[in-house]
Structure formats: C-alpha cells, structure tokens
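First up is the structure itself, then whatever we jot down about it.
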Amino acid sequence: MASLSPARTKYRKSQKGSLKGNAKRGNTLAFGEFGLQSLSRGPMTGRQIEAARVCIARHLKRKGKLWIRVFPHKPVTKKPAEVRMGSGKGGVEYYVAQIKPGAVLFELGGVPSTIAKEAFRLADAKLPFKCRFIVREGSAA
Amino acid sequence: MTQALSLTITPRAQTGRSASRRVRKVNQIPAILYGKHTNPQTIAIDAPEFTRLLKSVAGRALIIELNRKDSADKALSFVQEIQRDPITDKFLHVDLQEVKANEKLEINVPISIVGEAYGIKTQGGVLETSTHTLRVRCLPKDLPPLIEIDVTDLKINESLKVAGLKAIAGVEFRDAPGQPVVGVLSIAAEEVATPAAGAAAGAATAAAGAAAPAAGAAAKPGDAKAAAGAKPGDAKAAAPAAKPAAKK
C-alpha cells in the first residue's frame, strides 16, 4: 500500500513537539456535505490515511467525491533494532499528520447520508482515535 | 417573504470573555444586533429558544422578527453568523443583522439541487457542489428561502455557473458570473491515478530492497529485517543495522 509522504521537505528530521489544544483551523466542512471529525488527538500516519481512504473508496463503489483534509507533513524517526543508544538520531521511518480534536479528516459529497455514514464508520475503524460523523448545516440529509 | 419567525432578545450590558461566559452559563447565548440605521447592540438570546428557531429555519434564509424583552419595539433581522464550538457544537455567539422591510438586503442563500443530472444517471459522473450558498441582494419580501438549481440537463464535465442560473424576480445575484455552482465530474481520472501511484511506490520499494542487501551483506538474518524496513532514499537507516553484526 502506497503511504503518503511529502515529495520534498525543508528539513529531513523534526523534533517531537507537543499536541495541545483543539484544532483552530480545518475544523469545519469546507467542500463536501459530510465529514469525519476527530474527537481526540494523536499522530495519524500516512498508512492510516491511505487505509481509511481505500476503505471509503471501496464502500462508495465509484460514486461520490472524497476530499482528504489532512496530510502527513511531520517526519518520525526510529533507530534500528538492537542498536545502542547514542550515535545520533535514527533515520526517518514514516510521516504523520498531527491531529487535534475538532480536525476534519475526510469529506464526502455526492452520495446519500446513509452511504457516507457507513463509509466513515468503516474508515473510523482504521484510525487510532475517536471520530464522529458531521453533516453540513441545512443539508437535505 | 415567507412567514416570519420570532425570537426574544434581552439587552446585555457587559461585554468581554468572562461576561460572555457568565451569559452562557445561564443557558443564554451572547449575541449582537447591528444594522444600517442603528447602533450595534449587545444582546443575549435564550439558547433553547434559538435551537428551536434554527430547527424551524432548517438551513433556509429567513427573516426573523425580534421581540425586545425591555420594550414593545419589534425589528426584522436575519442570522448573519453563528459561532459554535467545533467539538461540542454549543453556540458561542450569534450575529443578527437588522433589516428594513422597504430596503434591499444582501444575504447568503443556500442552494437546493433539484433532479438527477444526465451525466450521473447515464454517464457515471459525480455531482460536485462548488458553491453551497449564493450571495443575493433583494427586498425582504422577495427573499427566496432556498435557490433551487435544476441539474437534470447537466452532462459529464459540464458545470453550471452563476451567470447560467435561472433569474428570480426581484433577486440579484452578487457572486461573480463565472463562478461555478455545481458540476458533474468524471471519476475516471481519479481511478487511473491511484494504481499508477501504487506501481511507482512498488518500484521504489523494490529499489530499496535491492540496496539493502548490499549494505547488510555480513548481517545476521535478524538484522536483515531492520535493513529491509528502510525507506527508499534512506540509505543511512540500513547502514546502522549492519554495524552491530560487524562488531561481533
């Protein structure tokens, strides 16, 4: 499975940083009628994004339009197995998107509410945090 | 203008974060009422009453009749903005704009899609709504609660722009004429892109696999696992795996 990662980064490795507060941007529906919103925080790897995308796409059966609102920009490093501490930081293992509560992860349009809800329920199972299904205000659904 | 809904408003003297929090604690929503002919007024509205009102509004653009608690004055207004907590969905603040019955107003009106597009029914396309609300200018009596857009004749790779919308008596569209509203997209392009990306990634992984044995030729079978886990272009990650084996 192809995992998402940036094509080019300014710096190869980054510090861990903290993940405080709620999502201030990207916390509302911008494109579609329905969305999957995170309710807790944590890193979301490129593989998890791809797994959720595949899950949604398979359920939709070539109907509807999907928007992925998050991208794994942050590199995560790991030292190889059985290596003593020291000798510098490990190599980049994978990339993650840092998700805060309120962030809209995926959006869907052009499908009925029931299909969108089921697709997001299946996608939610692939993700490491609690999510909820949101609907655009005034939507016919 | 359809039947006006009513809402009771109470004047609010204090402003700021802590005063607003106190208002929210007693199940009210801090709000502001402004208009062309009046000074902005800070007000409070009852949260359950506002929730009921929004339910009857159901996403449509409607004029609301405001009843002041302290006086018998009435005013016409519409909901300009609602601020909500993105996680709890509780109301944080509401903006109400006062309007006059004989004066034109500018308001965002939601669109409503009517019919099934030809491009979806027979050509297997997907309907994309690019603009969910349209900015219109009209008198309160002419205000349409929804703008119905008929997409029945829309074929694949075609879109309906603001200039192509059906004219409504007394209503003027304020958005750019070239702005797309709805379109039917073909999903073939997306389907083709996904396997191609997968193949490219597969080729990259194969290349990394070929590089890894060279780095860890003297390594134990356990170390090979670490070397194989290295990402394409991350030769350094494969190299340390070989180090401990070489020491032994």
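By order in the structure tokens, chains are A, B, ...; within a chain, residues start at 1; ligands start at 1, following the order shown.
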
Review point. Which neighbours of stretch 78-95 of chain B fall inside 8 Å, counting only C-alpha atoms, when residues of the same chain fewer than 6 positions from it are skipped, and could you give them as a VMD selection string?
Key: (chain A and resid 27 to 28 39 101 to 102) or (chain B and resid 24 29 to 34 47 61 to 64 107)

**Study point:** Long-range neighbours of B:Leu185 as a PyMOL selection string, 6 Å cut-off, only C-alpha atoms, 4 positions minimum in chain
**Key:** chain B and resi 125-126+156-157

**Study point:** B:Val181 surroundings by only C-alpha atoms, 6 Å radius, close-in-sequence under 3 positions cut, as an MDAnalysis selection string
**Key:** chainID B and resid 130:131 160:161

Exercise for review: For chain A, report every residue with an atom at most 8 Å from chain B (counting only C-alpha atoms), formatted as a list in words.
Suggested key: Met1, Ala2, Asn27, Thr28, Phe31, Gly32, Leu39, Arg62, Lys63, Gly64, Lys65, Lys79, Pro80, Ala81, Glu82, Val83, Gly90, Gly91, Val92, Glu93, Pro101, Gly102, Gly109, Gly110, Glu137, Gly138 and Ser139 of chain A

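Counting from atom CA of B:Val23, the distance to atom CA of B:Glu98 is 22.2 Å.
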